[in-house]
Amino acid sequence: MARLVHAADLHLGRLLHSQSLLDDQRHALAQLRALVASQRPHALLLAGDIYDRAVPPKNAVALLDEFLSDVVLELDVPVVLIAGNHDSAERLGFGSRLLQSRGLHIASGLDADPCPLVIQDEHGPVEVFALPFLEPARVRALLEDPQVHDQQTAMAAMVARVHASSAHPRRVLVAHAFVDGGLASDSERPLCIGGAQGVSADLFQGFAYTALGHLHRPQKVGGHPVHYAGSLLKYSLNEIEQPKSFTVVDIGADGSAQVERHSFEPLHDLRRIQGTLADLLAVAPQGPHGDWVVATLLDRGPVFDAMAKLRQHYPNMLHIERPELELHHSIQLPGGDHAQQGIDQLFSAFFEQVTGGALSPPEAAALDTVLAELLGREVER
């Protein structure tokens with residue numbers, strides 16, 4: 001039985017609300033290395049978005065170099081790594097032909113005739129094909145096919161090339177795409193500007209297992225063994241409830257795939273606390289002391305120095321949300337001649353638009369007091 005470990009969307013060098021996550025990424029990669037060491041897979045598959053941006057910071061490059069050296073040289077496990085839409089294919093692919101001889105297989109550029117990494121188990125060969133993120137214009141030029149105009153047709157064209165080169169029942173595909181029906185997160189960059197960015201899961205019929213990157217939630221999509229490993233860490237607030245994991249896949253003699261997800265412990269979890277500032281400061285800190293924390297403050301009025309006060313309880317406070325002050329629609333002042341309306345009417349309408357509710361009687365009385373004082377000063381002048 002051929003065993004594979006599937007991970008994706010490392011986004012090395014990413015910032016979360018201006019905070020570096022490099023130590024958290026190093027901690028997670030150490031657990032991925034430990035999983036590889038314990039499972040002894042035939043290969044580790046990294047399905048794109050290795051870096052968070054095309055020109056990664058040098059400490060992110062150093063971290064990747066350290067991790068890959070450990071896996072390939074120390075553990076003697078081959079790695080299949082593809083470029084995602086966040087990566088620079090040219091930078092990521094530097095030295096790929098030299099590295100291939102040592103067991104690091106980088107698919108960053110396009111090849112009209114895809115060639116697999118062949119691994120062997122007691123049942124014979126397993127072919128691992130790798131397709132980097134596909135830009136339709138590049139696929140169209142490579143294949144000289146004018147029918148390639150979006151993600152669907154680009155993926156269909158390249159998958160057809162894979163099928164043309166092999167019909168082996170124990171084929172695995174590593175790719176980076178948005179498969180229709182997959183659940184997205186806020187931290188994923190759109191694959192294209194304008195046009196359709198999704199591809200059908202049926203394109204991957206015929207593969208024993210499809211190892212995908214791009215969507216950050218670990219999930220299976222469609223009726224075939226098409227799986228996203230998910231991102232290395234929680235990279236947006238709507239990922240707070242998402243469990244992160246690495247995927248272990250066993251390919252049987254008949255090409256069937258058994259999939260198991262292995263969770264791991266982050267260095268700092270990402271979570272949300274909610275309440276008024278006074279309430280949050282009045283109780284003991286919730287959860288582990290070092291977690292990354294976002295606070296949703298329910299105060300309607302002004303709060304002073306909230307971040308500094310909350311950081312006394314939560315040292316890794318990242319961000320404060322004020323939902324009561326968010327504008328959910330455009331400001332609409334009362335109809336009629338505004339010059340003929342009083343300041344109290346205009347302010348009351350503004351207040352209702354901003355907060356979603358009318359002035360309470362005490363607030364209206366306070367407004368009257370302020371306006372009376374201001375008008376009194378005008379008369380004295």
# chains A, B, ... in the order shown; residues from 1 in each chain; ligands from 1
>>> select_by_dssp(residues="range 65-237 of chain A", states="strand (DSSP E or B)", output="PyMOL selection string")
chain A and resi 79-82+104-107+117-121+124-130+171-176+178-179+198-199+209-213+219-220+226-228
>>> closest_atom_pairs(of="range 81-168 of chain A", to="range 32-52 of chain A", cutoff="6 Å", atoms="only C-alpha atoms", output="CSV")
residue,atom,partner,partner_atom,distance
A:Leu81,CA,A:Leu46,CA,4.7
A:Ile82,CA,A:Gly48,CA,4.9
A:Ala83,CA,A:Gly48,CA,4.7
A:Gly84,CA,A:Gly48,CA,4.0
A:His86,CA,A:Asp49,CA,5.3
A:Asp87,CA,A:Asp49,CA,5.7
>>> write_last_selection(atoms="N, CA and C atoms", output="mmCIF file, in the first residue's frame")
data_model
loop_
_atom_site.group_PDB
_atom_site.id
_atom_site.type_symbol
_atom_site.label_atom_id
_atom_site.label_comp_id
_atom_site.auth_asym_id
_atom_site.auth_seq_id
_atom_site.Cartn_x
_atom_site.Cartn_y
_atom_site.Cartn_z
ATOM 1 N N LEU A 81 6.126 19.239 -4.833
ATOM 2 C CA LEU A 81 5.736 20.604 -4.448
ATOM 3 C C LEU A 81 5.317 21.361 -5.700
ATOM 4 N N ILE A 82 4.155 22.017 -5.656
ATOM 5 C CA ILE A 82 3.703 22.786 -6.814
ATOM 6 C C ILE A 82 3.540 24.252 -6.439
ATOM 7 N N ALA A 83 3.568 25.103 -7.450
ATOM 8 C CA ALA A 83 3.340 26.537 -7.252
ATOM 9 C C ALA A 83 1.843 26.811 -7.220
ATOM 10 N N GLY A 84 1.436 27.668 -6.281
ATOM 11 C CA GLY A 84 0.048 28.119 -6.219
ATOM 12 C C GLY A 84 -0.081 29.516 -6.785
ATOM 13 N N HIS A 86 -0.377 32.254 -5.195
ATOM 14 C CA HIS A 86 0.384 33.237 -4.418
ATOM 15 C C HIS A 86 1.872 33.200 -4.760
ATOM 16 N N ASP A 87 2.325 32.102 -5.340
ATOM 17 C CA ASP A 87 3.759 31.911 -5.554
ATOM 18 C C ASP A 87 4.220 32.506 -6.879
#
>>> atom_distance(atom1="CA of Asp305 in chain A", atom2="CA of Leu270 in chain A")
22.4 Å
>>> residues_around(residues="His149 in chain A", least_positions_apart="3", cutoff="7 Å", atoms="only C-alpha atoms", output="VMD selection string")
chain A and resid 136 153 to 154
>>> residues_around(residues="Ile273 in chain A", least_positions_apart="5", cutoff="9 Å", atoms="only C-alpha atoms", output="list in words")
Leu280, Gln286, Val293, Val294, Ala295, Thr296 and Leu297 of chain A
>>> write_last_selection(atoms="C-alpha atoms", output="mmCIF file, in the first residue's frame")
data_model
loop_
_atom_site.group_PDB
_atom_site.id
_atom_site.type_symbol
_atom_site.label_atom_id
_atom_site.label_comp_id
_atom_site.auth_asym_id
_atom_site.auth_seq_id
_atom_site.Cartn_x
_atom_site.Cartn_y
_atom_site.Cartn_z
ATOM 1 C CA LEU A 280 -14.391 41.764 29.317
ATOM 2 C CA GLN A 286 -10.738 33.322 28.811
ATOM 3 C CA VAL A 293 -7.409 37.150 20.063
ATOM 4 C CA VAL A 294 -9.934 39.346 18.280
ATOM 5 C CA ALA A 295 -12.351 41.301 20.485
ATOM 6 C CA THR A 296 -15.868 42.200 19.405
ATOM 7 C CA LEU A 297 -16.875 45.143 21.575
#
>>> closest_residue(among="A:Leu29, A:Leu131, A:Ser101, A:Asn238", to="Glu66 in chain A", atoms="only C-alpha atoms")
A:Leu29
>>> residues_around(residues="Thr210 in chain A", least_positions_apart="4", cutoff="6 Å", atoms="only C-alpha atoms", output="PyMOL selection string")
chain A and resi 172-174+226
>>> atom_distance(atom1="CA of Ser69 in chain A", atom2="CA of Ser245 in chain A")
22.0 Å
>>> closest_residue(among="A:Gly301, A:Pro266, A:His224, A:Ala349", to="Gln205 in chain A", atoms="only C-alpha atoms")
A:His224
>>> closest_residue(among="A:Val77, A:Ala208, A:Arg261, A:Met317", to="Gly103 in chain A", atoms="only C-alpha atoms")
A:Val77
>>> atom_distance(atom1="CA of Ser256 in chain A", atom2="CA of Val71 in chain A")
26.3 Å
>>> residues_around(residues="range 15-21 of chain A", least_positions_apart="3", cutoff="12 Å", atoms="only C-alpha atoms", output="number ranges by chain")
A: 10-12, 24-28, 51-53, 56-57, 59-60, 63, 187, 232-237, 266-270, 292-294, 316-320
